[in-house]
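Engineer: See final.txt below, with compact mmCIF, C-alpha atoms and all ligand atoms.
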```txt
# COMPACT_ATOMS: atom_id res chain seq x y z
CA MET W 1 -122.55 -68.89 2.09
CA ARG W 2 -119.89 -69.45 -0.56
CA VAL W 3 -120.48 -67.67 -3.85
CA SER W 4 -119.14 -68.01 -7.39
CA VAL W 5 -119.62 -65.15 -9.82
CA LEU W 6 -120.31 -65.53 -13.55
CA GLY W 7 -118.89 -62.46 -15.31
CA TYR W 8 -116.19 -60.03 -14.21
CA GLY W 9 -117.28 -56.72 -15.73
CA THR W 10 -118.75 -53.56 -14.20
CA VAL W 11 -121.12 -55.30 -11.79
CA GLY W 12 -119.06 -58.51 -11.42
CA VAL W 13 -115.99 -56.67 -10.10
CA GLY W 14 -118.22 -54.75 -7.66
CA VAL W 15 -119.83 -57.97 -6.41
CA CYS W 16 -116.41 -59.61 -5.92
CA GLU W 17 -115.06 -56.60 -4.02
CA MET W 18 -118.12 -56.48 -1.79
CA LEU W 19 -117.99 -60.25 -1.18
CA GLU W 20 -114.39 -59.90 0.03
CA LYS W 21 -115.64 -57.62 2.83
CA ALA W 22 -119.07 -59.13 3.54
CA GLU W 23 -119.72 -61.05 6.72
CA GLY W 24 -121.20 -64.51 6.20
CA LEU W 25 -120.47 -64.47 2.46
CA GLU W 26 -117.33 -65.76 0.80
CA LEU W 27 -116.06 -65.48 -2.79
CA ARG W 28 -115.17 -68.89 -4.31
CA LYS W 29 -114.64 -68.66 -8.07
CA VAL W 30 -115.20 -66.23 -10.92
CA LEU W 31 -116.11 -67.35 -14.43
CA VAL W 32 -114.26 -65.41 -17.14
CA ARG W 33 -113.83 -65.99 -20.85
CA PRO W 34 -111.17 -68.42 -22.07
CA GLY W 35 -107.73 -66.81 -21.99
CA LYS W 36 -108.72 -64.36 -19.21
CA ALA W 37 -108.11 -66.57 -16.15
CA ASP W 38 -105.08 -64.64 -14.85
CA LYS W 39 -105.68 -65.39 -11.13
CA PRO W 40 -106.17 -68.75 -9.33
CA PHE W 41 -109.80 -67.94 -8.41
CA LYS W 42 -110.73 -67.27 -12.07
CA VAL W 43 -112.02 -70.22 -14.09
CA THR W 44 -113.26 -70.58 -17.66
CA SER W 45 -115.78 -73.41 -17.42
CA ILE W 46 -119.26 -73.34 -15.92
CA GLU W 47 -118.97 -77.11 -15.33
CA GLU W 48 -116.13 -76.47 -12.89
CA ILE W 49 -118.35 -74.13 -10.87
CA CYS W 50 -121.37 -76.46 -11.00
CA ALA W 51 -119.20 -79.38 -9.84
CA ASP W 52 -117.59 -77.36 -7.02
CA PRO W 53 -119.06 -78.69 -3.74
CA GLU W 54 -117.94 -75.50 -2.00
CA THR W 55 -120.03 -73.19 -4.18
CA ASP W 56 -123.45 -72.72 -2.55
CA ALA W 57 -124.68 -69.93 -4.82
CA VAL W 58 -123.88 -68.39 -8.20
CA VAL W 59 -124.27 -64.74 -9.16
CA GLU W 60 -124.88 -64.19 -12.88
CA VAL W 61 -123.65 -60.76 -14.01
CA MET W 62 -122.63 -61.50 -17.61
CA GLY W 63 -125.70 -60.02 -19.30
CA GLY W 64 -127.59 -61.25 -22.38
CA VAL W 65 -129.90 -64.21 -22.67
CA GLU W 66 -127.43 -66.87 -23.80
CA PRO W 67 -125.27 -68.39 -22.46
CA ALA W 68 -126.60 -66.81 -19.23
CA PHE W 69 -129.77 -68.96 -19.37
CA SER W 70 -127.84 -72.21 -19.93
CA PHE W 71 -125.31 -71.35 -17.20
CA VAL W 72 -127.91 -70.34 -14.58
CA SER W 73 -130.03 -73.40 -15.42
CA ALA W 74 -126.97 -75.64 -15.02
CA ALA W 75 -126.15 -74.07 -11.65
CA LEU W 76 -129.73 -74.49 -10.39
CA ARG W 77 -129.79 -78.10 -11.61
CA ALA W 78 -126.57 -78.62 -9.64
CA GLY W 79 -128.40 -77.43 -6.52
CA LYS W 80 -126.83 -73.95 -6.32
CA HIS W 81 -128.86 -70.86 -5.42
CA ALA W 82 -128.83 -68.23 -8.18
CA VAL W 83 -128.91 -64.43 -8.10
CA THR W 84 -128.85 -62.32 -11.26
CA SER W 85 -128.80 -58.64 -12.21
CA ASN W 86 -129.78 -59.53 -15.79
CA LYS W 87 -133.22 -58.19 -16.77
CA ALA W 88 -132.98 -59.58 -20.30
CA LEU W 89 -132.51 -63.08 -18.87
CA VAL W 90 -135.40 -62.84 -16.40
CA ALA W 91 -137.74 -61.20 -18.94
CA ALA W 92 -136.99 -64.03 -21.41
CA HIS W 93 -136.77 -67.05 -19.10
CA GLY W 94 -137.82 -66.03 -15.57
CA PRO W 95 -140.69 -68.55 -15.26
CA GLU W 96 -138.50 -71.52 -16.31
CA LEU W 97 -135.76 -70.51 -13.89
CA ALA W 98 -138.25 -69.95 -11.05
CA ARG W 99 -139.74 -73.43 -11.66
CA LEU W 100 -136.32 -75.08 -11.79
CA ALA W 101 -135.25 -73.35 -8.56
CA ALA W 102 -138.46 -74.48 -6.82
CA GLU W 103 -137.98 -78.06 -8.03
CA LYS W 104 -134.45 -78.08 -6.66
CA GLY W 105 -135.39 -76.30 -3.42
CA VAL W 106 -132.92 -73.47 -4.02
CA GLY W 107 -133.28 -69.69 -4.28
CA PHE W 108 -133.59 -67.57 -7.42
CA LEU W 109 -133.64 -63.80 -6.81
CA PHE W 110 -133.08 -60.86 -9.17
CA SER W 111 -133.54 -57.53 -7.30
CA ALA W 112 -130.67 -55.84 -9.15
CA ALA W 113 -132.37 -56.45 -12.51
CA CYS W 114 -134.95 -53.75 -11.79
CA GLY W 115 -133.86 -50.46 -10.31
CA GLY W 116 -130.24 -51.22 -9.35
CA ALA W 117 -129.79 -50.39 -5.68
CA VAL W 118 -133.45 -49.45 -5.27
CA PRO W 119 -135.00 -52.22 -3.14
CA PHE W 120 -138.12 -52.37 -5.27
CA LEU W 121 -138.63 -56.02 -6.23
CA HIS W 122 -137.48 -57.17 -2.80
CA ASN W 123 -140.22 -55.13 -1.10
CA LEU W 124 -142.79 -55.70 -3.82
CA ALA W 125 -142.43 -59.48 -3.40
CA LEU W 126 -142.99 -59.09 0.35
CA ALA W 127 -145.95 -56.74 -0.13
CA ALA W 128 -147.60 -59.03 -2.69
CA GLU W 129 -147.79 -61.74 -0.03
CA SER W 130 -150.03 -59.69 2.24
CA ASP W 131 -151.69 -56.91 0.20
CA ARG W 132 -153.36 -56.67 -3.19
CA ILE W 133 -151.02 -54.73 -5.48
CA VAL W 134 -153.09 -52.20 -7.43
CA SER W 135 -150.29 -50.94 -9.69
CA VAL W 136 -146.53 -50.90 -10.19
CA GLY W 137 -144.35 -48.46 -12.08
CA GLY W 138 -142.33 -45.29 -11.88
CA ILE W 139 -139.08 -44.02 -13.37
CA LEU W 140 -136.98 -47.10 -14.06
CA ASN W 141 -134.39 -45.82 -16.52
CA GLY W 142 -131.70 -43.52 -15.18
CA THR W 143 -130.27 -42.61 -18.59
CA THR W 144 -133.49 -41.14 -19.93
CA ASN W 145 -134.21 -39.45 -16.62
CA PHE W 146 -130.79 -37.82 -16.75
CA MET W 147 -131.46 -36.60 -20.30
CA LEU W 148 -134.97 -35.28 -19.61
CA ASP W 149 -133.77 -33.55 -16.44
CA ALA W 150 -130.87 -31.94 -18.35
CA MET W 151 -133.31 -30.72 -21.01
CA GLN W 152 -135.78 -29.48 -18.41
CA ARG W 153 -133.51 -27.74 -15.92
CA ARG W 154 -130.50 -26.84 -18.05
CA GLY W 155 -132.24 -26.18 -21.35
CA MET W 156 -130.06 -28.70 -23.22
CA ASP W 157 -131.14 -30.14 -26.52
CA TYR W 158 -131.63 -33.89 -26.99
CA ALA W 159 -128.29 -34.53 -28.75
CA ASP W 160 -126.22 -32.68 -26.11
CA ALA W 161 -128.09 -34.34 -23.23
CA LEU W 162 -127.37 -37.75 -24.79
CA LYS W 163 -123.71 -36.87 -25.36
CA GLU W 164 -123.33 -35.83 -21.71
CA ALA W 165 -125.07 -39.02 -20.50
CA GLN W 166 -122.61 -41.02 -22.60
CA SER W 167 -119.58 -39.10 -21.36
CA LEU W 168 -120.64 -39.75 -17.75
CA GLY W 169 -121.07 -43.48 -18.45
CA TYR W 170 -124.85 -43.40 -17.95
CA ALA W 171 -125.66 -44.17 -21.61
CA GLU W 172 -124.08 -46.85 -23.78
CA ALA W 173 -122.39 -46.01 -27.09
CA ASP W 174 -125.56 -47.48 -28.65
CA PRO W 175 -128.26 -45.91 -26.45
CA THR W 176 -131.23 -47.47 -28.29
CA ALA W 177 -132.42 -49.78 -25.49
CA ASP W 178 -132.58 -46.82 -23.08
CA VAL W 179 -134.06 -44.07 -25.27
CA SER W 180 -136.57 -46.39 -26.96
CA GLY W 181 -137.96 -47.39 -23.55
CA LEU W 182 -137.07 -51.10 -24.04
CA ASP W 183 -134.86 -51.23 -20.95
CA ALA W 184 -137.66 -49.75 -18.83
CA LEU W 185 -140.18 -52.13 -20.41
CA ARG W 186 -138.16 -55.18 -19.37
CA LYS W 187 -138.15 -53.86 -15.82
CA ILE W 188 -141.92 -53.43 -15.70
CA MET W 189 -142.26 -56.99 -17.05
CA LEU W 190 -140.38 -58.16 -13.96
CA GLY W 191 -142.43 -55.91 -11.65
CA CYS W 192 -145.69 -57.38 -13.04
CA ALA W 193 -144.38 -60.93 -12.69
CA VAL W 194 -143.49 -60.34 -9.04
CA ALA W 195 -146.72 -58.49 -8.21
CA TYR W 196 -149.23 -60.54 -10.21
CA ASP W 197 -147.64 -63.90 -10.94
CA LYS W 198 -148.04 -63.02 -14.64
CA LEU W 199 -145.15 -62.10 -16.94
CA PRO W 200 -146.43 -59.86 -19.75
CA CYS W 201 -144.53 -60.81 -22.88
CA GLU W 202 -146.44 -59.30 -25.81
CA GLY W 203 -149.03 -56.64 -26.62
CA PHE W 204 -147.00 -53.84 -25.03
CA SER W 205 -147.37 -50.13 -25.82
CA LEU W 206 -143.86 -48.73 -25.96
CA GLU W 207 -142.84 -45.14 -26.61
CA GLY W 208 -139.43 -43.78 -25.63
CA ILE W 209 -138.06 -40.26 -25.61
CA GLU W 210 -136.55 -40.12 -29.12
CA SER W 211 -139.18 -37.68 -30.46
CA VAL W 212 -138.90 -35.01 -27.77
CA THR W 213 -137.29 -31.68 -28.69
CA ALA W 214 -135.85 -28.84 -26.61
CA ASP W 215 -138.80 -26.72 -27.82
CA ASP W 216 -141.29 -29.24 -26.43
CA VAL W 217 -139.58 -29.21 -23.05
CA GLN W 218 -139.45 -25.40 -22.90
CA HIS W 219 -143.13 -25.34 -23.76
CA PHE W 220 -143.92 -27.69 -20.82
CA ARG W 221 -141.71 -25.70 -18.50
CA ALA W 222 -143.67 -22.54 -19.25
CA LYS W 223 -146.83 -24.41 -18.25
CA GLY W 224 -145.32 -25.70 -14.96
CA LEU W 225 -145.12 -29.28 -16.25
CA VAL W 226 -142.24 -31.75 -16.07
CA LEU W 227 -141.61 -34.53 -18.60
CA ARG W 228 -140.61 -38.01 -17.36
CA LEU W 229 -140.47 -41.46 -18.98
CA LEU W 230 -142.79 -43.60 -16.85
CA VAL W 231 -143.49 -47.31 -16.83
CA SER W 232 -146.90 -48.56 -15.71
CA GLY W 233 -148.28 -51.98 -14.94
CA GLY W 234 -151.34 -53.27 -13.16
CA LEU W 235 -154.58 -55.21 -13.35
CA ASN W 236 -157.49 -53.90 -15.44
CA GLU W 237 -161.03 -54.20 -14.10
CA ARG W 238 -161.57 -57.08 -16.53
CA GLY W 239 -158.71 -58.96 -14.81
CA THR W 240 -156.21 -58.55 -17.65
CA LEU W 241 -152.80 -56.99 -17.17
CA TYR W 242 -151.72 -53.65 -18.57
CA ALA W 243 -148.03 -52.84 -19.12
CA PHE W 244 -146.75 -49.84 -21.02
CA VAL W 245 -143.94 -47.30 -21.22
CA GLN W 246 -144.48 -43.74 -22.39
CA PRO W 247 -143.41 -40.14 -21.78
CA CYS W 248 -145.68 -38.45 -19.25
CA LEU W 249 -146.31 -34.85 -18.22
CA LEU W 250 -146.55 -34.24 -14.50
CA PRO W 251 -147.12 -31.21 -12.29
CA ALA W 252 -143.85 -29.76 -10.99
CA SER W 253 -145.08 -30.60 -7.47
CA SER W 254 -145.36 -34.37 -8.18
CA PRO W 255 -142.88 -36.83 -6.60
CA GLU W 256 -141.73 -37.91 -10.09
CA ALA W 257 -140.75 -34.33 -10.94
CA SER W 258 -138.39 -34.25 -7.98
CA VAL W 259 -136.44 -37.28 -9.28
CA LEU W 260 -133.37 -35.63 -10.79
CA LYS W 261 -130.28 -36.66 -12.74
CA ASN W 262 -129.92 -40.41 -13.25
CA PHE W 263 -131.96 -41.45 -10.21
CA ASN W 264 -134.78 -44.01 -10.37
CA MET W 265 -138.11 -43.91 -8.57
CA ALA W 266 -139.97 -47.19 -8.40
CA LYS W 267 -143.38 -47.37 -6.80
CA TYR W 268 -146.25 -49.64 -6.10
CA ARG W 269 -149.73 -49.00 -4.81
CA GLY W 270 -151.08 -51.54 -2.32
CA GLU W 271 -154.83 -51.73 -1.77
CA ASN W 272 -154.23 -51.22 1.95
CA ALA W 273 -150.74 -49.70 2.03
CA GLY W 274 -151.42 -46.98 -0.55
CA ASP W 275 -148.51 -45.54 -2.52
CA ILE W 276 -145.02 -46.75 -1.54
CA LEU W 277 -142.09 -45.03 -3.27
CA PHE W 278 -138.41 -45.97 -3.55
CA ILE W 279 -135.82 -43.50 -4.83
CA GLY W 280 -132.16 -44.28 -5.44
CA GLN W 281 -129.39 -45.17 -7.86
CA GLY W 282 -130.74 -47.46 -10.54
CA ALA W 283 -127.34 -48.47 -11.94
CA GLY W 284 -123.59 -48.30 -11.38
CA ARG W 285 -121.03 -50.82 -10.10
CA TYR W 286 -121.57 -50.60 -6.35
CA PRO W 287 -125.27 -49.67 -6.24
CA THR W 288 -126.05 -52.71 -8.42
CA ALA W 289 -123.64 -54.97 -6.54
CA SER W 290 -125.32 -53.89 -3.28
CA ALA W 291 -128.65 -55.28 -4.55
CA VAL W 292 -126.93 -58.56 -5.51
CA LEU W 293 -125.53 -58.89 -2.01
CA ARG W 294 -128.93 -58.09 -0.50
CA ASP W 295 -130.38 -61.01 -2.49
CA LEU W 296 -127.58 -63.31 -1.33
CA SER W 297 -128.23 -62.26 2.23
CA ASP W 298 -131.98 -62.90 1.73
CA ILE W 299 -131.20 -66.40 0.49
CA ALA W 300 -128.90 -67.01 3.45
CA HIS W 301 -131.86 -66.05 5.66
CA GLY W 302 -134.14 -68.52 3.90
CA ARG W 303 -135.93 -66.27 1.41
CA ARG W 304 -135.95 -68.25 -1.84
CA GLU W 305 -138.55 -66.79 -4.19
CA MET W 306 -139.18 -63.52 -5.97
CA MET W 307 -141.06 -64.87 -9.00
CA LYS W 308 -143.38 -67.77 -8.12
CA SER W 309 -142.92 -71.09 -9.89
CA SER W 310 -146.59 -70.73 -10.97
CA CYS W 311 -145.81 -67.51 -12.92
CA VAL W 312 -147.34 -67.63 -16.42
CA ARG W 313 -146.73 -65.59 -19.56
CA VAL W 314 -149.61 -63.37 -20.71
CA ALA W 315 -150.24 -60.70 -23.35
CA ALA W 316 -150.56 -57.15 -22.05
CA ASP W 317 -153.97 -55.52 -22.57
CA ASN W 318 -153.60 -51.73 -22.72
CA SER W 319 -156.94 -51.02 -24.37
CA ALA W 320 -158.82 -50.55 -21.09
CA VAL W 321 -156.56 -47.77 -19.75
CA GLU W 322 -157.44 -44.28 -20.97
CA LYS W 323 -155.32 -41.13 -20.79
CA ARG W 324 -155.49 -37.59 -22.10
CA TYR W 325 -152.45 -36.99 -24.29
CA TYR W 326 -150.43 -33.90 -25.07
CA VAL W 327 -149.54 -34.19 -28.77
CA ARG W 328 -147.32 -32.11 -31.06
CA LEU W 329 -147.58 -32.87 -34.78
CA ASP W 330 -147.81 -31.33 -38.24
CA ALA W 331 -150.75 -28.92 -38.29
CA ALA W 332 -152.03 -30.44 -41.54
CA LEU W 333 -152.58 -33.78 -39.74
CA SER W 334 -154.11 -32.47 -36.54
CA ASP W 335 -157.62 -33.67 -37.49
CA CYS W 336 -156.39 -37.26 -37.15
CA LEU W 337 -156.59 -37.00 -33.36
CA PRO W 338 -159.55 -36.22 -31.05
CA PHE W 339 -158.15 -32.98 -29.60
CA ALA W 340 -160.10 -31.41 -26.74
CA GLU W 341 -158.01 -28.26 -27.15
CA LYS W 342 -155.31 -27.32 -29.63
CA GLU W 343 -153.16 -24.40 -30.81
CA ILE W 344 -151.83 -24.03 -34.33
CA ASP W 345 -148.41 -22.37 -34.49
CA GLY W 346 -147.32 -22.08 -38.13
CA ALA W 347 -146.79 -25.61 -39.43
CA LEU W 348 -147.17 -27.19 -35.98
CA ALA W 349 -150.18 -28.13 -33.91
CA ARG W 350 -149.94 -28.70 -30.16
CA GLY W 351 -152.82 -29.76 -28.01
CA VAL W 352 -154.37 -32.14 -25.53
CA THR W 353 -156.68 -34.95 -26.62
CA LYS W 354 -159.82 -36.22 -24.95
CA ALA W 355 -159.26 -39.34 -22.86
CA ILE W 356 -158.39 -42.17 -25.27
CA PRO W 357 -157.11 -45.73 -24.79
CA VAL W 358 -153.34 -46.06 -24.50
CA THR W 359 -153.42 -48.49 -27.43
CA GLU W 360 -155.23 -45.94 -29.61
CA MET W 361 -152.67 -43.18 -29.02
CA HIS W 362 -149.72 -45.48 -29.70
CA ALA W 363 -151.36 -46.88 -32.85
CA LYS W 364 -152.23 -43.39 -34.17
CA ALA W 365 -148.66 -42.17 -33.65
CA LYS W 366 -147.35 -45.23 -35.49
CA MET W 367 -149.75 -44.69 -38.37
CA LEU W 368 -148.86 -40.97 -38.64
CA ARG W 369 -145.12 -41.72 -38.54
CA GLU W 370 -145.57 -44.29 -41.27
CA ARG W 371 -147.02 -41.44 -43.32
CA GLY W 372 -143.81 -39.47 -42.67
CA ALA W 373 -145.18 -37.17 -39.93
CA ALA W 374 -143.11 -36.00 -36.95
CA VAL W 375 -145.16 -36.71 -33.81
CA PHE W 376 -144.43 -36.33 -30.11
CA PHE W 377 -146.90 -37.42 -27.46
CA ALA W 378 -146.97 -37.64 -23.68
CA ALA W 379 -149.70 -38.77 -21.30
CA MET W 380 -151.11 -36.10 -18.99
CA GLU W 381 -150.63 -37.54 -15.49
CA GLU W 382 -153.14 -35.53 -13.50
N1 LIG W 401 -123.80 -51.81 -15.16
C1 LIG W 401 -124.87 -51.48 -14.44
O1 LIG W 401 -124.95 -50.40 -13.84
C2 LIG W 401 -126.01 -52.44 -14.32
C3 LIG W 401 -127.12 -52.11 -13.53
C4 LIG W 401 -128.16 -53.02 -13.37
C5 LIG W 401 -128.12 -54.22 -14.03
N2 LIG W 401 -127.04 -54.50 -14.84
C6 LIG W 401 -127.03 -55.80 -15.53
O2 LIG W 401 -125.95 -56.58 -15.03
C7 LIG W 401 -125.42 -57.40 -16.09
C8 LIG W 401 -123.93 -57.12 -16.23
O3 LIG W 401 -123.76 -55.76 -16.57
P1 LIG W 401 -122.30 -55.10 -16.61
O4 LIG W 401 -122.55 -53.64 -16.77
O5 LIG W 401 -121.49 -55.57 -15.48
O6 LIG W 401 -121.76 -55.69 -17.99
P2 LIG W 401 -120.24 -55.77 -18.45
O7 LIG W 401 -119.44 -54.69 -17.84
O8 LIG W 401 -120.28 -55.89 -19.93
O9 LIG W 401 -119.75 -57.14 -17.82
C9 LIG W 401 -120.15 -58.40 -18.28
C10 LIG W 401 -118.96 -59.32 -18.10
O10 LIG W 401 -119.37 -60.64 -18.36
C11 LIG W 401 -118.39 -61.22 -19.20
N3 LIG W 401 -118.98 -62.29 -19.99
C12 LIG W 401 -119.94 -62.21 -20.93
N4 LIG W 401 -120.20 -63.41 -21.44
C13 LIG W 401 -119.37 -64.27 -20.83
C14 LIG W 401 -119.14 -65.66 -20.94
N5 LIG W 401 -119.81 -66.39 -21.81
N6 LIG W 401 -118.22 -66.23 -20.14
C15 LIG W 401 -117.50 -65.49 -19.27
N7 LIG W 401 -117.67 -64.15 -19.11
C16 LIG W 401 -118.60 -63.56 -19.89
C17 LIG W 401 -117.90 -60.09 -20.07
O11 LIG W 401 -116.67 -60.41 -20.63
P3 LIG W 401 -116.15 -59.64 -21.95
O12 LIG W 401 -115.89 -58.24 -21.53
O13 LIG W 401 -114.96 -60.41 -22.33
O14 LIG W 401 -117.28 -59.73 -22.95
C18 LIG W 401 -117.81 -58.98 -19.04
O15 LIG W 401 -116.61 -59.01 -18.34
C19 LIG W 401 -126.26 -57.07 -17.32
O16 LIG W 401 -127.30 -57.99 -17.43
C20 LIG W 401 -126.82 -55.69 -17.03
O17 LIG W 401 -128.05 -55.44 -17.68
C21 LIG W 401 -125.99 -53.66 -14.99
```
Written as structure tokens, how would this file's structure read?
Ligand SMILES: NC(=O)c1ccc[n+]([C@@H]2O[C@H](COP(=O)([O-])OP(=O)(O)OC[C@H]3O[C@@H](n4cnc5c(N)ncnc54)[C@H](OP(=O)(O)O)[C@@H]3O)[C@@H](O)[C@H]2O)c1

Structural biologist:
Amino acid sequence: MRVSVLGYGTVGVGVCEMLEKAEGLELRKVLVRPGKADKPFKVTSIEEICADPETDAVVEVMGGVEPAFSFVSAALRAGKHAVTSNKALVAAHGPELARLAAEKGVGFLFSAACGGAVPFLHNLALAAESDRIVSVGGILNGTTNFMLDAMQRRGMDYADALKEAQSLGYAEADPTADVSGLDALRKIMLGCAVAYDKLPCEGFSLEGIESVTADDVQHFRAKGLVLRLLVSGGLNERGTLYAFVQPCLLPASSPEASVLKNFNMAKYRGENAGDILFIGQGAGRYPTASAVLRDLSDIAHGRREMMKSSCVRVAADNSAVEKRYYVRLDAALSDCLPFAEKEIDGALARGVTKAIPVTEMHAKAKMLRERGAAVFFAAMEE
């Protein structure tokens, strides 16, 4: 299969290098910005790639929603298969692209958009064909995992852990999408779409790691607990879909606690299969490029679909899932939450609530922060 690549950055260069060595796959053209076509195989117009009869598939690794959406749509309309590593694109326009690909009888796969090298979506799509998927989730952001692990095992504070993640290239200069949980949220949107044929696109409960302090982490360590940022998705008993991202406290013996540094751990629970876990590199040039090539190879073997063309957008419903929450906040405000147990330490209160809906905890934290309070919360994953 002959492949043209849209974008020649971190992942694009890795894909091109791997294509040069791959059996059965051949690099045709690379789309770069105007003025950057310094080699014969580099071109600056998507039309040239769409009109190229020797391009069978395009790989989109430019990032962002536009012009990625227009370019991938144009390639699909021209009868090319498409593979992307771009979670923002699939979260925004996955259903339209899946429908277009089905209409044209070509493939549209996006394994690398969720979990980098971790073969999560690939296997989830296969499992969803033969088992009922009870839940999807895990640790899907390597940057925050690196930071929480550094705070937990090396006693670093938040600012130093972030600085080290940036110096190692794990965190961007603007780390907001990672530390706010948005990056992980986009990935669970894709996981839900693959597992349930429903793309949650509003009603999320989203809490990142920005409020955690070194003191909090030391406190958990003393209790034998490990903090991780987990994503969760699944079907409620009422048939609606839940999808949320929040810090969680886990026993040190849990599989999540053993995921160190910038590794990811994606998992799904099948009604018959039980828990299936995948651990690996969630980002980086070659890990991500390896997932792109796996998708190309899947297409070459006739596998065309990861998100069904029938996939619909829905609102997430997180009101039916209840958790007990560890909360640290100003002691003066501690009556605002239904604590089952709490300790007052000077001006701070720390405690664990009764089981409350995910939506209620997120709404209470928002309300308290709007009143100027400093609040940290994490779900107790027992
Ligand atoms: N890096 C990772 O580890 C990783 C892991 C998983 C998924 N992803 C996803 O993969 C995608 C690419 O990430 P990346 O890290 O490779 O980004 P990157 O290093 O910024 O590379 C993107 C490349 O695309 C080029 N580009 C952007 N718009 C273009 C346009 N209109 N025409 C031609 N070229 C264009 C950029 O050119 P300029 O530099 O001139 O702007 C840049 O060379 C993103 O969606 C990202 O979320 C990345």

Engineer: Nearest residue to ligand LIG 401 (chain W) out of W:Leu296, W:Ile279, W:Leu148, W:Val72, using all atoms listed in the file?

Structural biologist: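 Smallest distance to ligand LIG 401 (chain W) is found for W:Val72.
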
Engineer: Write out as an MDAnalysis selection string each polymer residue whose atoms come within 10 Å of W:Lys366, counting only C-alpha atoms; drop sequence neighbours fewer than 6 positions from it.

Structural biologist: chainID W and resid 207 360 372:373 375

Engineer: If we count all atoms listed in the file, what is near W:Gln152 at a cut-off of 8 Å, once residues fewer than 4 positions away on the same chain are taken out, given as a VMD selection string?

Structural biologist: chain W and resid 148 156 217 to 218 221 226 to 227

Engineer: Can you pull out the residues contacting W:Val194? Cut-off 9 Å, using all atoms listed in the file, and skip same-chain residues under 2 positions away; I want them as a PyMOL selection string.

Structural biologist: chain W and resi 121+124-125+128+189-192+196-199+306-308+311

Engineer: Report as a ChimeraX atom specification all protein, DNA and RNA residues lying within 12 Å of W:Lys261, evaluated on all atoms listed in the file, omitting residues in the same chain fewer than 2 positions from it.

Structural biologist: /W:139,141-154,161,164-165,168,170,228,256-259,263-265,279-282

Engineer: Could you list, as JSON, numbers by chain, all protein and nucleic acid residues with an atom at most 9 Å from ligand LIG 401 (chain W), counting all atoms listed in the file?

Structural biologist: {"W": [6, 7, 8, 9, 10, 11, 12, 13, 14, 30, 31, 32, 33, 34, 36, 43, 44, 45, 46, 60, 61, 62, 63, 64, 65, 66, 67, 68, 71, 84, 85, 86, 87, 88, 89, 112, 113, 114, 115, 116, 117, 170, 183, 282, 283, 284, 285, 286, 287, 288, 289]}

Engineer: For the selection you just gave me, I'd like the residues written to a file as a compact mmCIF listing (two decimals), keeping the file's coordinate frame, keeping C-alpha atoms.

Structural biologist:
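Printed below is selection.txt as written:
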```
# COMPACT_ATOMS: atom_id res chain seq x y z
CA LEU W 6 -120.31 -65.53 -13.55
CA GLY W 7 -118.89 -62.46 -15.31
CA TYR W 8 -116.19 -60.03 -14.21
CA GLY W 9 -117.28 -56.72 -15.73
CA THR W 10 -118.75 -53.56 -14.20
CA VAL W 11 -121.12 -55.30 -11.79
CA GLY W 12 -119.06 -58.51 -11.42
CA VAL W 13 -115.99 -56.67 -10.10
CA GLY W 14 -118.22 -54.75 -7.66
CA VAL W 30 -115.20 -66.23 -10.92
CA LEU W 31 -116.11 -67.35 -14.43
CA VAL W 32 -114.26 -65.41 -17.14
CA ARG W 33 -113.83 -65.99 -20.85
CA PRO W 34 -111.17 -68.42 -22.07
CA LYS W 36 -108.72 -64.36 -19.21
CA VAL W 43 -112.02 -70.22 -14.09
CA THR W 44 -113.26 -70.58 -17.66
CA SER W 45 -115.78 -73.41 -17.42
CA ILE W 46 -119.26 -73.34 -15.92
CA GLU W 60 -124.88 -64.19 -12.88
CA VAL W 61 -123.65 -60.76 -14.01
CA MET W 62 -122.63 -61.50 -17.61
CA GLY W 63 -125.70 -60.02 -19.30
CA GLY W 64 -127.59 -61.25 -22.38
CA VAL W 65 -129.90 -64.21 -22.67
CA GLU W 66 -127.43 -66.87 -23.80
CA PRO W 67 -125.27 -68.39 -22.46
CA ALA W 68 -126.60 -66.81 -19.23
CA PHE W 71 -125.31 -71.35 -17.20
CA THR W 84 -128.85 -62.32 -11.26
CA SER W 85 -128.80 -58.64 -12.21
CA ASN W 86 -129.78 -59.53 -15.79
CA LYS W 87 -133.22 -58.19 -16.77
CA ALA W 88 -132.98 -59.58 -20.30
CA LEU W 89 -132.51 -63.08 -18.87
CA ALA W 112 -130.67 -55.84 -9.15
CA ALA W 113 -132.37 -56.45 -12.51
CA CYS W 114 -134.95 -53.75 -11.79
CA GLY W 115 -133.86 -50.46 -10.31
CA GLY W 116 -130.24 -51.22 -9.35
CA ALA W 117 -129.79 -50.39 -5.68
CA TYR W 170 -124.85 -43.40 -17.95
CA ASP W 183 -134.86 -51.23 -20.95
CA GLY W 282 -130.74 -47.46 -10.54
CA ALA W 283 -127.34 -48.47 -11.94
CA GLY W 284 -123.59 -48.30 -11.38
CA ARG W 285 -121.03 -50.82 -10.10
CA TYR W 286 -121.57 -50.60 -6.35
CA PRO W 287 -125.27 -49.67 -6.24
CA THR W 288 -126.05 -52.71 -8.42
CA ALA W 289 -123.64 -54.97 -6.54
```

Engineer: Atom CA of W:Pro247 and atom CA of W:Phe377, how far apart in Å?

Structural biologist: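 A separation of 7.2 Å between them.
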
Engineer: May I have the residues within 9 Å of W:Gly24 as a PyMOL selection string, using all atoms listed in the file and disregarding those fewer than 2 positions away in the same chain?

Structural biologist: chain W and resi 1-2+22+26+297+300

Engineer: Hey, can you check how far atom CA of W:Ala159 sits from atom CA of W:Met367?

Structural biologist: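 Atom-to-atom, atom CA of W:Ala159 to atom CA of W:Met367, that is 25.6 Å.
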